[in-house]
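Asks: Following this line is data31.pdb, made up of PDB, C-alpha atoms and all ligand atoms:
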```pdb
ATOM      1  CA  MET R1437     231.087  44.480  21.360  1.00  0.00           C
ATOM      2  CA  THR R1438     230.548  46.671  18.360  1.00  0.00           C
ATOM      3  CA  THR R1439     232.629  46.393  15.201  1.00  0.00           C
ATOM      4  CA  PRO R1440     234.990  49.326  14.774  1.00  0.00           C
ATOM      5  CA  VAL R1441     234.077  51.933  12.183  1.00  0.00           C
ATOM      6  CA  ARG R1442     236.354  51.595   9.145  1.00  0.00           C
ATOM      7  CA  CYS R1443     237.572  54.910   7.868  1.00  0.00           C
ATOM      8  CA  LEU R1444     239.542  55.464   4.665  1.00  0.00           C
ATOM      9  CA  VAL R1445     241.738  58.559   4.539  1.00  0.00           C
ATOM     10  CA  ILE R1446     242.754  59.612   1.006  1.00  0.00           C
ATOM     11  CA  GLU R1447     245.284  62.385   1.553  1.00  0.00           C
ATOM     12  CA  ASP R1448     248.698  62.991   0.004  1.00  0.00           C
ATOM     13  CA  GLU R1449     250.097  65.220   2.766  1.00  0.00           C
ATOM     14  CA  GLU R1450     251.762  62.554   4.826  1.00  0.00           C
ATOM     15  CA  LEU R1451     251.899  64.548   8.068  1.00  0.00           C
ATOM     16  CA  LEU R1452     248.204  65.361   7.917  1.00  0.00           C
ATOM     17  CA  ARG R1453     247.348  61.762   7.010  1.00  0.00           C
ATOM     18  CA  MET R1454     249.368  60.480   9.965  1.00  0.00           C
ATOM     19  CA  ALA R1455     247.859  63.012  12.357  1.00  0.00           C
ATOM     20  CA  LEU R1456     244.348  62.117  11.199  1.00  0.00           C
ATOM     21  CA  GLY R1457     245.169  58.427  11.515  1.00  0.00           C
ATOM     22  CA  ASP R1458     246.406  58.849  15.085  1.00  0.00           C
ATOM     23  CA  ALA R1459     243.400  60.935  16.115  1.00  0.00           C
ATOM     24  CA  LEU R1460     240.908  58.513  14.575  1.00  0.00           C
ATOM     25  CA  ARG R1461     242.589  55.389  15.938  1.00  0.00           C
ATOM     26  CA  ALA R1462     242.500  56.999  19.381  1.00  0.00           C
ATOM     27  CA  GLU R1463     238.723  57.267  18.917  1.00  0.00           C
ATOM     28  CA  GLY R1464     238.490  53.569  18.108  1.00  0.00           C
ATOM     29  CA  PHE R1465     238.321  53.795  14.311  1.00  0.00           C
ATOM     30  CA  GLU R1466     239.998  51.232  12.077  1.00  0.00           C
ATOM     31  CA  LEU R1467     242.110  53.103   9.532  1.00  0.00           C
ATOM     32  CA  LEU R1468     242.767  52.560   5.839  1.00  0.00           C
ATOM     33  CA  GLU R1469     245.086  55.024   4.161  1.00  0.00           C
ATOM     34  CA  ALA R1470     245.943  56.055   0.629  1.00  0.00           C
ATOM     35  CA  GLY R1471     248.386  58.720  -0.563  1.00  0.00           C
ATOM     36  CA  ASP R1472     247.000  59.260  -4.070  1.00  0.00           C
ATOM     37  CA  GLY R1473     243.612  59.309  -5.760  1.00  0.00           C
ATOM     38  CA  GLU R1474     243.928  56.118  -7.762  1.00  0.00           C
ATOM     39  CA  GLU R1475     245.148  54.046  -4.813  1.00  0.00           C
ATOM     40  CA  GLY R1476     242.347  55.567  -2.728  1.00  0.00           C
ATOM     41  CA  LEU R1477     239.702  54.728  -5.317  1.00  0.00           C
ATOM     42  CA  GLN R1478     240.838  51.101  -5.619  1.00  0.00           C
ATOM     43  CA  LEU R1479     240.998  50.714  -1.842  1.00  0.00           C
ATOM     44  CA  ALA R1480     237.534  52.241  -1.433  1.00  0.00           C
ATOM     45  CA  LEU R1481     235.970  49.956  -4.054  1.00  0.00           C
ATOM     46  CA  ARG R1482     237.670  46.879  -2.601  1.00  0.00           C
ATOM     47  CA  GLU R1483     237.050  47.584   1.089  1.00  0.00           C
ATOM     48  CA  ALA R1484     233.778  49.593   1.063  1.00  0.00           C
ATOM     49  CA  PRO R1485     234.728  51.529   4.219  1.00  0.00           C
ATOM     50  CA  ASP R1486     232.105  53.015   6.545  1.00  0.00           C
ATOM     51  CA  VAL R1487     233.305  56.532   5.851  1.00  0.00           C
ATOM     52  CA  ILE R1488     235.815  58.148   3.469  1.00  0.00           C
ATOM     53  CA  LEU R1489     237.825  61.323   4.100  1.00  0.00           C
ATOM     54  CA  LEU R1490     238.821  62.647   0.703  1.00  0.00           C
ATOM     55  CA  ASP R1491     241.354  65.358  -0.108  1.00  0.00           C
ATOM     56  CA  LEU R1492     240.740  67.240  -3.384  1.00  0.00           C
ATOM     57  CA  MET R1493     244.236  68.066  -4.616  1.00  0.00           C
ATOM     58  CA  LEU R1494     245.703  64.600  -5.026  1.00  0.00           C
ATOM     59  CA  PRO R1495     248.362  63.082  -7.264  1.00  0.00           C
ATOM     60  CA  VAL R1496     247.388  60.695 -10.104  1.00  0.00           C
ATOM     61  CA  ARG R1497     243.628  61.307  -9.767  1.00  0.00           C
ATOM     62  CA  ASP R1498     242.024  64.334  -8.093  1.00  0.00           C
ATOM     63  CA  GLY R1499     239.384  64.143  -5.386  1.00  0.00           C
ATOM     64  CA  PHE R1500     236.418  65.070  -7.591  1.00  0.00           C
ATOM     65  CA  SER R1501     237.338  62.391 -10.077  1.00  0.00           C
ATOM     66  CA  VAL R1502     237.631  59.846  -7.242  1.00  0.00           C
ATOM     67  CA  LEU R1503     234.248  60.899  -5.898  1.00  0.00           C
ATOM     68  CA  ARG R1504     232.570  60.648  -9.304  1.00  0.00           C
ATOM     69  CA  ALA R1505     234.089  57.222  -9.927  1.00  0.00           C
ATOM     70  CA  LEU R1506     232.950  56.004  -6.482  1.00  0.00           C
ATOM     71  CA  ARG R1507     229.384  57.097  -7.087  1.00  0.00           C
ATOM     72  CA  GLU R1508     229.377  55.713 -10.636  1.00  0.00           C
ATOM     73  CA  ASP R1509     230.365  52.403  -9.099  1.00  0.00           C
ATOM     74  CA  ARG R1510     227.451  52.838  -6.703  1.00  0.00           C
ATOM     75  CA  LEU R1511     229.629  52.850  -3.610  1.00  0.00           C
ATOM     76  CA  THR R1512     227.429  54.521  -1.007  1.00  0.00           C
ATOM     77  CA  SER R1513     229.998  55.053   1.778  1.00  0.00           C
ATOM     78  CA  PRO R1514     229.621  58.601   3.085  1.00  0.00           C
ATOM     79  CA  VAL R1515     232.368  60.917   1.823  1.00  0.00           C
ATOM     80  CA  ILE R1516     233.673  63.972   3.665  1.00  0.00           C
ATOM     81  CA  ILE R1517     235.816  66.215   1.499  1.00  0.00           C
ATOM     82  CA  LEU R1518     238.941  67.698   3.084  1.00  0.00           C
ATOM     83  CA  SER R1519     240.129  70.710   1.230  1.00  0.00           C
ATOM     84  CA  ALA R1520     242.245  73.787   1.513  1.00  0.00           C
ATOM     85  CA  ARG R1521     239.931  75.427  -0.971  1.00  0.00           C
ATOM     86  CA  GLY R1522     236.779  76.875   0.481  1.00  0.00           C
ATOM     87  CA  GLU R1523     235.202  78.465  -2.541  1.00  0.00           C
ATOM     88  CA  GLU R1524     231.518  78.097  -3.231  1.00  0.00           C
ATOM     89  CA  TRP R1525     232.316  76.397  -6.525  1.00  0.00           C
ATOM     90  CA  ASP R1526     234.014  73.503  -4.785  1.00  0.00           C
ATOM     91  CA  ARG R1527     231.274  73.064  -2.246  1.00  0.00           C
ATOM     92  CA  VAL R1528     228.490  72.998  -4.778  1.00  0.00           C
ATOM     93  CA  GLN R1529     230.473  70.744  -7.077  1.00  0.00           C
ATOM     94  CA  GLY R1530     231.304  68.452  -4.153  1.00  0.00           C
ATOM     95  CA  PHE R1531     227.668  68.028  -3.170  1.00  0.00           C
ATOM     96  CA  GLU R1532     226.651  67.563  -6.808  1.00  0.00           C
ATOM     97  CA  PHE R1533     229.157  64.762  -7.127  1.00  0.00           C
ATOM     98  CA  GLY R1534     227.718  63.093  -4.051  1.00  0.00           C
ATOM     99  CA  ALA R1535     229.871  64.293  -1.153  1.00  0.00           C
ATOM    100  CA  ASP R1536     228.124  64.101   2.203  1.00  0.00           C
ATOM    101  CA  ASP R1537     230.005  66.890   3.908  1.00  0.00           C
ATOM    102  CA  TYR R1538     232.940  69.200   3.526  1.00  0.00           C
ATOM    103  CA  VAL R1539     235.592  70.531   5.909  1.00  0.00           C
ATOM    104  CA  VAL R1540     238.024  73.272   5.037  1.00  0.00           C
ATOM    105  CA  LYS R1541     241.642  72.988   6.132  1.00  0.00           C
ATOM    106  CA  PRO R1542     242.804  73.743   8.721  1.00  0.00           C
ATOM    107  CA  PHE R1543     240.085  72.044  10.752  1.00  0.00           C
ATOM    108  CA  SER R1544     240.058  70.815  14.339  1.00  0.00           C
ATOM    109  CA  THR R1545     239.902  67.122  15.166  1.00  0.00           C
ATOM    110  CA  ALA R1546     236.799  67.821  17.247  1.00  0.00           C
ATOM    111  CA  GLU R1547     235.047  69.367  14.238  1.00  0.00           C
ATOM    112  CA  LEU R1548     236.019  66.489  11.976  1.00  0.00           C
ATOM    113  CA  LEU R1549     234.845  63.873  14.499  1.00  0.00           C
ATOM    114  CA  LEU R1550     231.532  65.671  14.843  1.00  0.00           C
ATOM    115  CA  ARG R1551     231.077  65.582  11.087  1.00  0.00           C
ATOM    116  CA  ILE R1552     232.105  61.938  10.827  1.00  0.00           C
ATOM    117  CA  ARG R1553     229.586  60.966  13.510  1.00  0.00           C
ATOM    118  CA  ALA R1554     226.884  63.002  11.810  1.00  0.00           C
ATOM    119  CA  VAL R1555     227.393  61.379   8.390  1.00  0.00           C
ATOM    120  CA  LEU R1556     227.571  57.917   9.978  1.00  0.00           C
ATOM    121  CA  GLU R1557     224.320  58.476  11.835  1.00  0.00           C
ATOM    122  CA  ARG R1558     222.685  59.788   8.690  1.00  0.00           C
ATOM    123  CA  ALA R1559     223.982  56.799   6.718  1.00  0.00           C
ATOM    124  CA  ARG R1560     222.450  54.449   9.279  1.00  0.00           C
ATOM    125  CA  GLY R1561     219.209  56.428   9.028  1.00  0.00           C
ATOM    126  CA  GLY R1562     219.945  56.832  12.741  1.00  0.00           C
ATOM    127  CA  THR R1563     219.070  59.540  15.206  1.00  0.00           C
ATOM    128  CA  PRO R1564     215.467  60.678  15.147  1.00  0.00           C
ATOM    129  CA  GLY R1565     215.191  64.231  13.921  1.00  0.00           C
ATOM    130  CA  LEU R1566     218.399  64.001  11.957  1.00  0.00           C
ATOM    131  CA  ALA R1567     218.451  64.293   8.235  1.00  0.00           C
ATOM    132  CA  GLY R1568     216.923  61.343   6.446  1.00  0.00           C
ATOM    133  CA  THR R1569     218.002  60.037   3.069  1.00  0.00           C
ATOM    134  CA  ASP R1570     216.763  63.265   1.513  1.00  0.00           C
ATOM    135  CA  GLY R1571     219.276  65.277   3.604  1.00  0.00           C
ATOM    136  CA  ARG R1572     216.497  67.086   5.467  1.00  0.00           C
ATOM    137  CA  ALA R1573     215.343  67.195   9.075  1.00  0.00           C
ATOM    138  CA  ARG R1574     211.934  68.318  10.272  1.00  0.00           C
ATOM    139  CA  PHE R1575     210.604  69.547  13.611  1.00  0.00           C
ATOM    140  CA  GLY R1576     207.621  71.739  14.429  1.00  0.00           C
ATOM    141  CA  ASP R1577     206.933  73.697  11.252  1.00  0.00           C
ATOM    142  CA  VAL R1578     210.631  73.803  10.357  1.00  0.00           C
ATOM    143  CA  GLU R1579     212.340  71.890   7.575  1.00  0.00           C
ATOM    144  CA  VAL R1580     216.148  71.981   7.554  1.00  0.00           C
ATOM    145  CA  ASP R1581     217.993  71.430   4.276  1.00  0.00           C
ATOM    146  CA  PHE R1582     221.528  70.424   5.333  1.00  0.00           C
ATOM    147  CA  ALA R1583     223.017  70.303   1.855  1.00  0.00           C
ATOM    148  CA  GLY R1584     221.424  73.629   0.962  1.00  0.00           C
ATOM    149  CA  TYR R1585     222.561  75.425   4.146  1.00  0.00           C
ATOM    150  CA  SER R1586     219.057  76.674   4.711  1.00  0.00           C
ATOM    151  CA  LEU R1587     215.781  76.065   6.469  1.00  0.00           C
ATOM    152  CA  THR R1588     212.165  76.789   5.691  1.00  0.00           C
ATOM    153  CA  ARG R1589     209.578  77.855   8.242  1.00  0.00           C
ATOM    154  CA  ASP R1590     206.082  79.017   7.415  1.00  0.00           C
ATOM    155  CA  GLY R1591     206.964  79.124   3.731  1.00  0.00           C
ATOM    156  CA  ALA R1592     209.896  81.492   4.340  1.00  0.00           C
ATOM    157  CA  ARG R1593     213.404  80.358   3.514  1.00  0.00           C
ATOM    158  CA  HIS R1594     216.305  81.352   5.779  1.00  0.00           C
ATOM    159  CA  GLY R1595     219.966  80.854   4.910  1.00  0.00           C
ATOM    160  CA  LEU R1596     222.214  79.312   7.555  1.00  0.00           C
ATOM    161  CA  SER R1597     225.894  79.939   8.104  1.00  0.00           C
ATOM    162  CA  ARG R1598     228.076  76.876   8.488  1.00  0.00           C
ATOM    163  CA  ARG R1599     228.261  77.417  12.294  1.00  0.00           C
ATOM    164  CA  GLU R1600     224.520  77.888  12.597  1.00  0.00           C
ATOM    165  CA  LEU R1601     223.998  74.676  10.660  1.00  0.00           C
ATOM    166  CA  ASP R1602     226.573  72.803  12.782  1.00  0.00           C
ATOM    167  CA  LEU R1603     225.037  74.095  15.985  1.00  0.00           C
ATOM    168  CA  LEU R1604     221.523  73.185  14.880  1.00  0.00           C
ATOM    169  CA  ARG R1605     222.695  69.730  13.830  1.00  0.00           C
ATOM    170  CA  TYR R1606     224.309  69.268  17.227  1.00  0.00           C
ATOM    171  CA  PHE R1607     221.124  70.301  19.025  1.00  0.00           C
ATOM    172  CA  LEU R1608     219.124  67.852  16.897  1.00  0.00           C
ATOM    173  CA  GLU R1609     221.576  65.063  17.723  1.00  0.00           C
ATOM    174  CA  HIS R1610     221.249  65.772  21.441  1.00  0.00           C
ATOM    175  CA  GLU R1611     217.544  66.382  21.578  1.00  0.00           C
ATOM    176  CA  GLY R1612     216.095  66.779  25.067  1.00  0.00           C
ATOM    177  CA  ARG R1613     219.459  67.095  26.790  1.00  0.00           C
ATOM    178  CA  ALA R1614     220.679  70.194  28.635  1.00  0.00           C
ATOM    179  CA  LEU R1615     223.945  71.192  26.965  1.00  0.00           C
ATOM    180  CA  GLU R1616     226.530  73.361  28.699  1.00  0.00           C
ATOM    181  CA  ARG R1617     227.922  76.285  26.776  1.00  0.00           C
ATOM    182  CA  GLN R1618     231.468  75.006  27.189  1.00  0.00           C
ATOM    183  CA  ARG R1619     230.529  71.625  25.747  1.00  0.00           C
ATOM    184  CA  LEU R1620     228.876  73.293  22.765  1.00  0.00           C
ATOM    185  CA  LEU R1621     232.044  75.290  22.209  1.00  0.00           C
ATOM    186  CA  ASP R1622     234.277  72.219  22.477  1.00  0.00           C
ATOM    187  CA  ASP R1623     232.146  70.026  20.239  1.00  0.00           C
ATOM    188  CA  VAL R1624     230.862  72.475  17.657  1.00  0.00           C
ATOM    189  CA  TRP R1625     233.640  75.059  17.486  1.00  0.00           C
ATOM    190  CA  GLY R1626     236.472  72.721  18.447  1.00  0.00           C
ATOM    191  CA  ARG R1627     239.147  73.095  21.086  1.00  0.00           C
ATOM    192  CA  ASP R1628     241.567  74.668  18.659  1.00  0.00           C
ATOM    193  CA  SER R1629     239.510  77.799  18.214  1.00  0.00           C
ATOM    194  CA  PHE R1630     238.947  80.363  20.927  1.00  0.00           C
ATOM    195  CA  PRO R1631     235.504  81.868  20.811  1.00  0.00           C
ATOM    196  CA  THR R1632     233.883  82.852  24.107  1.00  0.00           C
ATOM    197  CA  THR R1633     230.697  81.382  25.527  1.00  0.00           C
ATOM    198  CA  ARG R1634     229.043  84.642  24.425  1.00  0.00           C
ATOM    199  CA  THR R1635     229.529  83.332  20.866  1.00  0.00           C
ATOM    200  CA  ILE R1636     227.115  80.514  21.690  1.00  0.00           C
ATOM    201  CA  ASP R1637     224.489  82.966  22.950  1.00  0.00           C
ATOM    202  CA  THR R1638     224.799  85.051  19.786  1.00  0.00           C
ATOM    203  CA  HIS R1639     224.380  81.997  17.570  1.00  0.00           C
ATOM    204  CA  VAL R1640     221.428  80.731  19.595  1.00  0.00           C
ATOM    205  CA  LEU R1641     219.734  84.118  19.178  1.00  0.00           C
ATOM    206  CA  LYS R1642     220.307  83.949  15.418  1.00  0.00           C
ATOM    207  CA  LEU R1643     218.935  80.415  15.246  1.00  0.00           C
ATOM    208  CA  ARG R1644     215.899  81.353  17.326  1.00  0.00           C
ATOM    209  CA  LYS R1645     215.028  84.129  14.881  1.00  0.00           C
ATOM    210  CA  LYS R1646     214.978  81.529  12.120  1.00  0.00           C
ATOM    211  CA  ILE R1647     213.340  78.525  13.796  1.00  0.00           C
ATOM    212  CA  GLU R1648     211.036  80.004  16.443  1.00  0.00           C
ATOM    213  CA  PRO R1649     207.553  81.340  15.683  1.00  0.00           C
ATOM    214  CA  ASP R1650     208.161  83.729  18.613  1.00  0.00           C
ATOM    215  CA  PRO R1651     211.903  84.123  19.321  1.00  0.00           C
ATOM    216  CA  GLU R1652     211.122  85.922  22.607  1.00  0.00           C
ATOM    217  CA  SER R1653     209.424  82.834  24.047  1.00  0.00           C
ATOM    218  CA  PRO R1654     211.154  79.913  22.342  1.00  0.00           C
ATOM    219  CA  ARG R1655     209.483  76.515  21.959  1.00  0.00           C
ATOM    220  CA  HIS R1656     212.415  74.546  20.525  1.00  0.00           C
ATOM    221  CA  LEU R1657     215.674  76.122  21.641  1.00  0.00           C
ATOM    222  CA  LEU R1658     215.226  76.548  25.383  1.00  0.00           C
ATOM    223  CA  THR R1659     217.457  78.272  27.902  1.00  0.00           C
ATOM    224  CA  VAL R1660     218.451  76.069  30.829  1.00  0.00           C
ATOM    225  CA  HIS R1661     219.373  78.547  33.553  1.00  0.00           C
ATOM    226  CA  GLY R1662     222.829  78.107  35.001  1.00  0.00           C
ATOM    227  CA  VAL R1663     223.692  75.491  32.345  1.00  0.00           C
ATOM    228  CA  GLY R1664     223.154  76.421  28.733  1.00  0.00           C
ATOM    229  CA  TYR R1665     220.566  75.276  26.221  1.00  0.00           C
ATOM    230  CA  LYS R1666     218.280  72.411  25.393  1.00  0.00           C
ATOM    231  CA  PHE R1667     216.584  71.514  22.124  1.00  0.00           C
ATOM    232  CA  VAL R1668     213.094  70.015  22.080  1.00  0.00           C
ATOM    233  CA  ARG R1669     211.050  69.307  18.976  1.00  0.00           C
TER     234      ARG R1669
HETATM  235 CA    CA X   1     246.510  67.392  -1.215  1.00  0.00          CA
END
```
Mind turning the file's structure into structure tokens?
Ligand code: CA

Replies:
Amino acid sequence: MTTPVRCLVIEDEELLRMALGDALRAEGFELLEAGDGEEGLQLALREAPDVILLDLMLPVRDGFSVLRALREDRLTSPVIILSARGEEWDRVQGFEFGADDYVVKPFSTAELLLRIRAVLERARGGTPGLAGTDGRARFGDVEVDFAGYSLTRDGARHGLSRRELDLLRYFLEHEGRALERQRLLDDVWGRDSFPTTRTIDTHVLKLRKKIEPDPESPRHLLTVHGVGYKFVR
């Protein structure tokens, strides 16, 4: 039996906090909850949870201040920021203050779970091919910079959209496995959004142009006929 993952949700919108709590408990997480920044900070320092979901606009103490205080206290629990604000300023500031990831409200439960699993695996130094402690993953002649939303191949830097980065991360996490388009949609895009499976093909083409030496005959992102795609390093 494995110990349940302990997740602290610091969120003042009670309905959202309850919904998150229900969804995470259903996935087997043990939940800790706080409705303001100060309570959240104290709970985090006392309990050292496995992962922290942190809202930014919070009463008493805002999310950035909580994050800075956590890191000053050398608490290393991964932090995923939940915010209604999606501006570049917030994202950069969040990563500078030591956030591990960032989701913009409204987000799907599937997307959040994917991100939680990714930060947990990274924190454990887990899955081969996934970002190490430096937040980078390497395969072939490609180096992915997750925090920088970019990758480098052959000395050339390519920017990645959030979806491209999510999709690439998902492929890395499921290396060597044939992944159906529908599963990619469910797990990367989330069930609450309605893109078509064509969306996957478009994103795979974009990724191939960035990671493949010859996008016409891919070495890493392979087509599995009648199924979908498979990533090999
Ligand atoms: Ca709030």

Asks: Once the PyMOL selection byres (((not hetatm)) within 7 of (chain X and resi 1)) is applied to the coordinates I shared, what remains selected? I want it as a list of chain:residue names.

Replies: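 Here the PyMOL selection byres (((not hetatm)) within 7 of (chain X and resi 1)) matches R:Glu1447, R:Asp1448, R:Glu1449, R:Asp1491, R:Leu1492, R:Met1493, R:Leu1494.
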
Asks: Report, in Å with one decimal, the straight-line distance from atom CA of Glu1579 of chain R to atom CA of Thr1659 of chain R.

Replies: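 So the answer is 21.9 Å.
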
Asks: With a distance cut-off of 12 Å and all atoms listed in the file, select the neighbouring residues of Asp1458 of chain R, excluding the residue or stretch itself and same-chain residues fewer than 6 positions from it, and output the selection as a PyMOL selection string.

Replies: chain R and resi 1445+1451-1452+1464-1469+1545

Asks: Taking into account all atoms listed in the file, which residue in the set R:Gly1612, R:Gly1662, R:Gly1595, R:Gly1530 is nearest to Lys1642 of chain R?

Replies: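 Nearest candidate to Lys1642 of chain R out of R:Gly1612, R:Gly1662, R:Gly1595, R:Gly1530: R:Gly1595.
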
Asks: Give as a PyMOL selection string the residues that the PyMOL selection byres (((chain R and resi 1482) around 12) and not hetatm) matches when applied to the coordinates above.

Replies: chain R and resi 1444+1468+1475-1481+1483-1485+1506+1509+1511

Asks: If we count only C-alpha atoms, what is near Tyr1585 of chain R at a cut-off of 8 Å, once residues fewer than 2 positions away on the same chain are taken out, given as a list in words?

Replies: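 With the cut-off at 8 Å, the set is Asp1581, Phe1582, Ala1583, Leu1587, Gly1595, Leu1596, Ser1597, Arg1598 and Leu1601 of chain R.
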